[in-house]
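Colleague: Structure incoming, see below.
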Amino acid sequence: MRGTHVRLGRVKTAYEMTWSSERTLRVVLGSGISPETSARVGAVHARLVEAGIASLVDVTPAYATVLLTFDPETLDAGASEAAVRGALAGEVLAGEYTAGRVAELAVCYGGEYGPDLLEVAEHHGVSAERVIELHCGAEYRAAFLGFAPGFAYLSGLVRELHTPRRARPRTRVPAGSVGIGGEQTGVYPKESAGGWRIIGRTPRALFDAARAAPALLGIGDRVRFVPISPERFAELGGGGA
Amino acid sequence: MNTLRILQPGTLATVQDLGRPGHAAMGVATSGAADTLSLRIGNRLVGNEDGAAGIEFSLSGGVVAFEQEAVVALCGISGTAGCVRPRIGGNEMPLWAAVRIGAGEEITLGAYTRGARVYLCVRGGVLEPVVMGSRSAYRAGGIGANGGRGLRAGDCVVVGEESAGPAGTLGDHALASVQMAIGRQVLRVNPGPQAGAFVGSLADGGARAICGVMDASDRVGVRISGLRVRPREGGTMISEGTVHGAIQVPGEDLAIILGPDRPTTGGYPMVATVTAVDLPALGQLRPRDRVRLEVCTLEAARELYKERWSRLDAQIPSVGGSSRP
């Protein structure tokens with residue numbers, strides 16, 4: 001991964017803010033999914049984390065919102081609100097939002113690692129090679145991480161690969177599986193149940209609590225998938241099916 | 001090195017402290033004890049800081065053997081029909097009191113039908129490795145014994161040899177108020193964030209409904225049926241942040257009150273959030289319990305929380321230091 005600046009120009013920080021419970025302040029930065037809104041979420045998240053706001057115990061960025069969770073034991077609602085408004089005052093400058101690194105994820109497509117690759121190809125009336133080409137041809141953006149440790153919501157899947165989820169979710173999808181679910185694509189960080197179409201698997205660990213940086217991806221990161229052979233997958237330490 | 005050995009974990013036994021807040025942007029839930037009130041008071045009883053780790057036993061059973069003498073406290077719902085009745089050898093062991101246990105002795109929890117969780121606090125604290133700021137087991141993150149899946153029969157757990165302060169005691173009056181707090185079957189909630197996205201509201205009817213706790217309830221969420229609200233339109237939204245206590249409504253007759261191991265973001269609308277003062281009671285709900293929601297203002301919720309803890313701090317002061325590990 002290498003550091004890179006995201007070119008955003010000046011980002012307006014107009015926002016709405018409400019207490020969604022006595023201890024959670026919900027900052028709304030947009031109403032839908034868009035690269036602009038994601039950039040604002042990233043910038044606002046960074047500012048709030050850096051601001052060192054009293055009693056703030058967690059910050060949860062998502063597509064269009066940032067949720068701030070406070071410690072009810074020490075919370076002073078008025079002071080917290082003022083601190084948040086202070087941190088978000090003015091415009092966010094492009095240089096503030098530098099989280100966007102580029103991550104390349106090696107993926108072994110098809111076969112035992114991507115049991116649904118042929119199904120996806122059939123669904124779209126193209127070859128398996130074309131599915132791989134399309135999936136690797138795009139650059140994805142980690143809009144945010146959530147749901148489970150290390151899971152990145154990746155935006156940027158080309159329309160030609162939008163594929164409905166499986167009618168019957170699998171009870172066991174191995175860690176590292178790369179899937180397509182509707183308009184989304186992503187990597188399962190840990191073995192779990194799941195209904196996405198599994199087209200490949202990466203040997204990289206998306207989350208490892210023992211690492212200095214447990215999550216491989218971060219908010220705003222740009223992600224590319226690079227196809228590898230089963231032999232290379234094994235060399236890189238990938239596990240069996 | 002002092003250790004205790006799990007002879008039987010019961011339904012689920014995990015090491016928990018007050019959790020690891022601050023990592024939600026990585027998708028990492030807070031985890032920590034489902035009933036932090038019982039854990040914190042249990043720690044005060046044995047002379048630990050509030051944030052020391054203990055063992056959380058869930059739903060039924062659990063047998064623990066001590067290889068050295070130890071001072072322990074068990075906390076959970078007590079004094080009612082069906083509640084846990086722990087024993088040391090042939091003798092009954094009181095809850096909510098520091099108890100000296102001899103080398104080679106065993107604590108047996110047995111079966112119970114009232115209350116979902118019992119906390120074993122040990123003087124010196126449980127010394128499971130600290131991962132991302134906490135000793136709490138977290139299955140989705142693969143953190144803790146056996147990948148976070150819980151302690152197994154034969155597992156040994158290291159216990160600290162020093163405690164932070166003297167053991168405390170809980171008077172009858174304080175015990176009664178603690179029991180009331182964790183045994184509540186009416187949970188006070190703040191409406192929102194998506195309170196407007198529902199047909200029916202908690203204020204006009206939903207909050208009068210008696211709901212049933214469903215079997216598929218765990219540390220991720222408590223599932224309830226019978227809440228008389230249902231989402232408008234498609235019932236999903238773009239994913240946003242969640243908090244322990246948020247009430248997601250995926251469909252017609254299912255609501256999920258998110259627990260300590262919740263998914264950090266979700267796409268189901270949230271009708272309300274259980275106030276912090278009632279999260280310990282949420283952690284004590286077990287399948288087939290009845291529960292009702294009661295709408296409360298933000299100010300009242302904040303006041304109730306602070307009142308609870310200033311009263312408890314006067315009755316049984318915390319032992320030095322911060323409440324977090």
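Ordering of the structure tokens sets the chain letters (A, B, ...), residue numbers begin anew at 1 in every chain, and ligands are numbered from 1 in the order given.
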Would you kindly report the residues of chain A within 9 Å of chain B, using only C-alpha atoms, as a ChimeraX atom specification?
Modeller: /A:18-24,26,31-33,45,56-69,72-75,77,144-152,190,192,207-210,214-215,217-219
Colleague: Could you pull out the residues in range 30-234 of chain A that DSSP calls helix (DSSP H, G or I) from the backbone, as an MDAnalysis selection string?
Modeller: chainID A and resid 35:50 77:87 94:96 117:124 128:137 159:161 230:234
Colleague: What is the CA of Gln16 in chain B to CA of Val157 in chain B distance in Å?
Modeller: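 Distance between the two atoms: 12.4 Å.
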Colleague: What residues in chain A get the DSSP label strand (DSSP E)? Please answer as an NGL selection string.
Modeller: :A and (16-21 or 24-28 or 56-61 or 65-70 or 102-109 or 140-145 or 152-155 or 170-173 or 177-181 or 184-187 or 192-194 or 197-201 or 222-227)
Colleague: Give me a file of those residues, with C-alpha atoms, as a PDB file, in the first residue's frame.
Modeller:
```pdb
ATOM      1  CA  GLU A  16     -27.500  17.690  10.457  1.00  0.00           C
ATOM      2  CA  MET A  17     -26.959  16.442  13.958  1.00  0.00           C
ATOM      3  CA  THR A  18     -29.443  14.794  16.344  1.00  0.00           C
ATOM      4  CA  TRP A  19     -29.238  12.738  19.526  1.00  0.00           C
ATOM      5  CA  SER A  20     -30.467   9.309  18.369  1.00  0.00           C
ATOM      6  CA  SER A  21     -30.336   8.157  21.989  1.00  0.00           C
ATOM      7  CA  THR A  24     -25.401   8.735  20.639  1.00  0.00           C
ATOM      8  CA  LEU A  25     -25.112  11.765  18.427  1.00  0.00           C
ATOM      9  CA  ARG A  26     -25.953  11.055  14.779  1.00  0.00           C
ATOM     10  CA  VAL A  27     -24.301  13.309  12.207  1.00  0.00           C
ATOM     11  CA  VAL A  28     -25.981  13.120   8.792  1.00  0.00           C
ATOM     12  CA  LEU A  56     -16.461  10.349  23.185  1.00  0.00           C
ATOM     13  CA  VAL A  57     -15.823   6.592  23.219  1.00  0.00           C
ATOM     14  CA  ASP A  58     -16.498   5.522  19.635  1.00  0.00           C
ATOM     15  CA  VAL A  59     -17.022   6.913  16.140  1.00  0.00           C
ATOM     16  CA  THR A  60     -18.837   4.838  13.501  1.00  0.00           C
ATOM     17  CA  PRO A  61     -18.693   6.152   9.924  1.00  0.00           C
ATOM     18  CA  THR A  65     -23.713   9.186   8.568  1.00  0.00           C
ATOM     19  CA  VAL A  66     -21.192   9.280  11.377  1.00  0.00           C
ATOM     20  CA  LEU A  67     -22.432   7.978  14.720  1.00  0.00           C
ATOM     21  CA  LEU A  68     -20.748   9.299  17.864  1.00  0.00           C
ATOM     22  CA  THR A  69     -21.095   7.231  21.011  1.00  0.00           C
ATOM     23  CA  PHE A  70     -20.450   8.877  24.387  1.00  0.00           C
ATOM     24  CA  VAL A 102      -4.238   1.867  -2.782  1.00  0.00           C
ATOM     25  CA  ALA A 103      -4.566  -1.784  -1.826  1.00  0.00           C
ATOM     26  CA  GLU A 104      -4.070  -4.650  -4.251  1.00  0.00           C
ATOM     27  CA  LEU A 105      -5.775  -7.859  -3.287  1.00  0.00           C
ATOM     28  CA  ALA A 106      -4.573 -11.024  -4.993  1.00  0.00           C
ATOM     29  CA  VAL A 107      -7.527 -13.274  -5.815  1.00  0.00           C
ATOM     30  CA  CYS A 108      -7.651 -16.812  -7.101  1.00  0.00           C
ATOM     31  CA  TYR A 109     -10.845 -16.873  -9.167  1.00  0.00           C
ATOM     32  CA  TYR A 140     -13.212   0.083  -5.839  1.00  0.00           C
ATOM     33  CA  ARG A 141     -13.483   2.455  -2.947  1.00  0.00           C
ATOM     34  CA  ALA A 142     -13.845   1.325   0.665  1.00  0.00           C
ATOM     35  CA  ALA A 143     -16.795   3.551   1.581  1.00  0.00           C
ATOM     36  CA  PHE A 144     -16.428   2.431   5.208  1.00  0.00           C
ATOM     37  CA  LEU A 145     -15.818  -0.643   7.329  1.00  0.00           C
ATOM     38  CA  ALA A 152     -15.160  -3.072   3.837  1.00  0.00           C
ATOM     39  CA  TYR A 153     -18.232  -1.866   1.965  1.00  0.00           C
ATOM     40  CA  LEU A 154     -16.710  -1.552  -1.529  1.00  0.00           C
ATOM     41  CA  SER A 155     -18.370   0.695  -4.070  1.00  0.00           C
ATOM     42  CA  ARG A 170     -24.442 -20.927   2.319  1.00  0.00           C
ATOM     43  CA  THR A 171     -23.997 -21.893   5.948  1.00  0.00           C
ATOM     44  CA  ARG A 172     -20.226 -21.709   5.591  1.00  0.00           C
ATOM     45  CA  VAL A 173     -18.271 -19.269   3.450  1.00  0.00           C
ATOM     46  CA  SER A 177     -13.953 -15.317  -0.076  1.00  0.00           C
ATOM     47  CA  VAL A 178     -14.657 -12.624  -2.646  1.00  0.00           C
ATOM     48  CA  GLY A 179     -18.347 -12.270  -3.389  1.00  0.00           C
ATOM     49  CA  ILE A 180     -20.934 -10.338  -5.338  1.00  0.00           C
ATOM     50  CA  GLY A 181     -24.281  -9.534  -3.711  1.00  0.00           C
ATOM     51  CA  GLN A 184     -21.974  -4.820  -4.027  1.00  0.00           C
ATOM     52  CA  THR A 185     -18.740  -6.725  -3.959  1.00  0.00           C
ATOM     53  CA  GLY A 186     -16.586  -7.481  -0.964  1.00  0.00           C
ATOM     54  CA  VAL A 187     -14.391  -9.926   0.897  1.00  0.00           C
ATOM     55  CA  SER A 192     -19.337 -17.115   8.228  1.00  0.00           C
ATOM     56  CA  ALA A 193     -22.692 -17.858   6.675  1.00  0.00           C
ATOM     57  CA  GLY A 194     -23.457 -15.816   3.587  1.00  0.00           C
ATOM     58  CA  ARG A 197     -22.072 -15.307  -5.047  1.00  0.00           C
ATOM     59  CA  ILE A 198     -18.533 -16.422  -4.320  1.00  0.00           C
ATOM     60  CA  ILE A 199     -16.267 -15.907  -7.345  1.00  0.00           C
ATOM     61  CA  GLY A 200     -12.815 -16.214  -5.787  1.00  0.00           C
ATOM     62  CA  ARG A 201     -10.688 -16.065  -2.675  1.00  0.00           C
ATOM     63  CA  ARG A 222      -8.960   2.276  -3.126  1.00  0.00           C
ATOM     64  CA  VAL A 223      -8.953  -1.427  -3.864  1.00  0.00           C
ATOM     65  CA  ARG A 224      -7.933  -3.407  -6.939  1.00  0.00           C
ATOM     66  CA  PHE A 225      -8.279  -7.138  -7.386  1.00  0.00           C
ATOM     67  CA  VAL A 226      -5.413  -8.936  -9.125  1.00  0.00           C
ATOM     68  CA  PRO A 227      -5.952 -12.472 -10.486  1.00  0.00           C
TER      69      PRO A 227
END
```
Colleague: What is the CA of Ala103 in chain B to CA of Glu69 in chain B distance in Å?
Modeller: 4.5 Å
Colleague: Find, counting only C-alpha atoms, the residue in B:Glu67, B:Glu105, B:Pro317, B:Gly62 that gets nearest to Pro86 in chain B.
Modeller: B:Gly62
Colleague: Using only C-alpha atoms, which of the listed residues (A:Glu139, A:Asp76, A:Asp71, A:Asp221) sits closest to Gly156 in chain A?
Modeller: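 Of the candidates, the smallest distance to Gly156 in chain A is held by A:Glu139.
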Colleague: What does the structure give for the distance between CA of Val229 in chain B and CA of Arg290 in chain B, in Å to one decimal?
Modeller: 17.1 Å
Colleague: Excluding Leu170 in chain B and residues on its chain fewer than 6 positions from it, collect all residues at most 10 Å away from it, counting only C-alpha atoms, and give them as a PyMOL selection string.
Modeller: chain B and resi 41-42+44-45+96-98+176+178+312+315-316
Colleague: With all heavy atoms retained, write the just-selected residues as a CSV table (one decimal), in the first residue's frame.
Modeller:
```csv
chain,number,residue,atom,x,y,z
B,41,ILE,N,-20.0,-4.4,40.0
B,41,ILE,CA,-20.2,-4.6,41.5
B,41,ILE,C,-19.4,-5.8,42.0
B,41,ILE,O,-18.8,-5.8,43.1
B,41,ILE,CB,-21.7,-4.6,41.8
B,41,ILE,CG1,-22.4,-3.3,41.4
B,41,ILE,CG2,-21.9,-4.9,43.3
B,41,ILE,CD1,-21.8,-2.1,42.1
B,42,GLY,N,-19.4,-6.9,41.2
B,42,GLY,CA,-18.7,-8.1,41.5
B,42,GLY,C,-17.2,-7.8,41.7
B,42,GLY,O,-16.6,-8.2,42.7
B,44,ARG,N,-16.0,-4.9,42.6
B,44,ARG,CA,-15.8,-4.1,43.8
B,44,ARG,C,-15.8,-5.0,45.1
B,44,ARG,O,-15.1,-4.8,46.0
B,44,ARG,CB,-16.9,-3.0,43.9
B,44,ARG,CG,-16.7,-1.9,42.8
B,44,ARG,CD,-17.8,-0.8,42.9
B,44,ARG,NE,-17.7,0.0,41.8
B,44,ARG,CZ,-18.4,1.2,41.6
B,44,ARG,NH1,-19.2,1.6,42.6
B,44,ARG,NH2,-18.2,1.9,40.5
B,45,LEU,N,-16.7,-6.0,45.0
B,45,LEU,CA,-16.8,-6.9,46.1
B,45,LEU,C,-15.5,-7.6,46.4
B,45,LEU,O,-15.2,-7.9,47.6
B,45,LEU,CB,-17.9,-7.9,45.9
B,45,LEU,CG,-19.4,-7.4,46.0
B,45,LEU,CD1,-20.4,-8.4,45.4
B,45,LEU,CD2,-19.7,-7.0,47.4
B,96,TRP,N,-23.5,-12.0,45.4
B,96,TRP,CA,-23.2,-10.6,45.8
B,96,TRP,C,-22.5,-10.5,47.1
B,96,TRP,O,-22.7,-9.6,47.9
B,96,TRP,CB,-24.6,-9.9,45.9
B,96,TRP,CG,-25.3,-9.9,44.6
B,96,TRP,CD1,-26.3,-10.7,44.2
B,96,TRP,CD2,-25.1,-9.0,43.4
B,96,TRP,NE1,-26.8,-10.4,42.9
B,96,TRP,CE2,-26.0,-9.4,42.4
B,96,TRP,CE3,-24.2,-8.0,43.2
B,96,TRP,CZ2,-26.1,-8.7,41.2
B,96,TRP,CZ3,-24.3,-7.3,42.0
B,96,TRP,CH2,-25.2,-7.7,41.0
B,97,ALA,N,-21.5,-11.4,47.3
B,97,ALA,CA,-20.7,-11.3,48.5
B,97,ALA,C,-19.3,-11.9,48.2
B,97,ALA,O,-19.2,-12.9,47.4
B,97,ALA,CB,-21.3,-12.0,49.7
B,98,ALA,N,-18.3,-11.3,48.8
B,98,ALA,CA,-16.9,-11.9,48.6
B,98,ALA,C,-16.9,-13.2,49.4
B,98,ALA,O,-17.3,-13.2,50.6
B,98,ALA,CB,-15.9,-10.9,49.1
B,176,ALA,N,-30.9,-4.8,47.2
B,176,ALA,CA,-32.3,-4.7,46.7
B,176,ALA,C,-32.3,-3.8,45.4
B,176,ALA,O,-33.0,-4.1,44.5
B,176,ALA,CB,-33.2,-4.2,47.8
B,178,VAL,N,-29.8,-3.0,43.3
B,178,VAL,CA,-29.1,-3.7,42.2
B,178,VAL,C,-30.0,-4.8,41.6
B,178,VAL,O,-30.1,-4.9,40.4
B,178,VAL,CB,-27.8,-4.3,42.8
B,178,VAL,CG1,-27.3,-5.3,41.8
B,178,VAL,CG2,-26.8,-3.2,43.0
B,312,LEU,N,-24.8,4.1,43.8
B,312,LEU,CA,-24.0,2.9,44.0
B,312,LEU,C,-22.6,3.2,44.5
B,312,LEU,O,-22.0,2.5,45.3
B,312,LEU,CB,-23.9,2.1,42.7
B,312,LEU,CG,-25.1,1.2,42.4
B,312,LEU,CD1,-25.0,0.7,41.0
B,312,LEU,CD2,-25.2,0.1,43.4
B,315,GLN,N,-22.7,3.6,48.1
B,315,GLN,CA,-22.9,2.4,48.8
B,315,GLN,C,-21.7,1.4,48.8
B,315,GLN,O,-21.4,0.8,49.7
B,315,GLN,CB,-24.2,1.7,48.2
B,315,GLN,CG,-25.5,2.4,48.6
B,315,GLN,CD,-26.6,2.0,47.7
B,315,GLN,OE1,-26.5,1.6,46.6
B,315,GLN,NE2,-27.8,2.2,48.2
B,316,ILE,N,-21.1,1.4,47.6
B,316,ILE,CA,-19.9,0.5,47.5
B,316,ILE,C,-18.9,1.2,46.5
B,316,ILE,O,-19.1,1.0,45.3
B,316,ILE,CB,-20.3,-0.9,47.1
B,316,ILE,CG1,-19.1,-1.8,46.9
B,316,ILE,CG2,-21.2,-1.0,45.8
B,316,ILE,CD1,-19.3,-3.3,46.8
```
Colleague: So that I can see what lies close to Asp204 in chain B, please list as a list in words the residues with an atom at most 10 Å from it, counting only C-alpha atoms and leaving out residues fewer than 3 positions away in the same chain.
Modeller: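 Counting only C-alpha atoms, the residues come to Gly200, Ser201, Ala207, Arg208, Arg228 and Val229 of chain B.
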Colleague: Which residues are close to Leu12 in chain B, i.e. within 6 Å by only C-alpha atoms, leaving aside same-chain residues fewer than 3 positions away? Reply as a PyMOL selection string.
Modeller: chain B and resi 9+57-58
Colleague: Could the residues in this selection be written to a file with N, CA and C atoms, as a PDB file, in the first residue's frame?
Modeller:
```pdb
ATOM      1  N   PRO B   9     -18.255 -25.618  30.980  1.00  0.00           N
ATOM      2  CA  PRO B   9     -18.551 -24.211  30.682  1.00  0.00           C
ATOM      3  C   PRO B   9     -20.043 -23.874  30.780  1.00  0.00           C
ATOM      4  N   PHE B  57     -21.003 -16.381  32.570  1.00  0.00           N
ATOM      5  CA  PHE B  57     -21.687 -17.643  32.285  1.00  0.00           C
ATOM      6  C   PHE B  57     -23.084 -17.320  31.773  1.00  0.00           C
ATOM      7  N   SER B  58     -23.498 -18.028  30.717  1.00  0.00           N
ATOM      8  CA  SER B  58     -24.797 -17.731  30.107  1.00  0.00           C
ATOM      9  C   SER B  58     -25.776 -18.890  30.203  1.00  0.00           C
TER      10      SER B  58
END
```
Colleague: Please provide the set of residues having any atom within 8 Å of Arg85 in chain B, restricted to only C-alpha atoms, with same-chain residues fewer than 6 positions apart removed, written as a list in words.
Modeller: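 Returned residues: Glu92, Met93, Leu109, Gly110 and Tyr112 of chain B.
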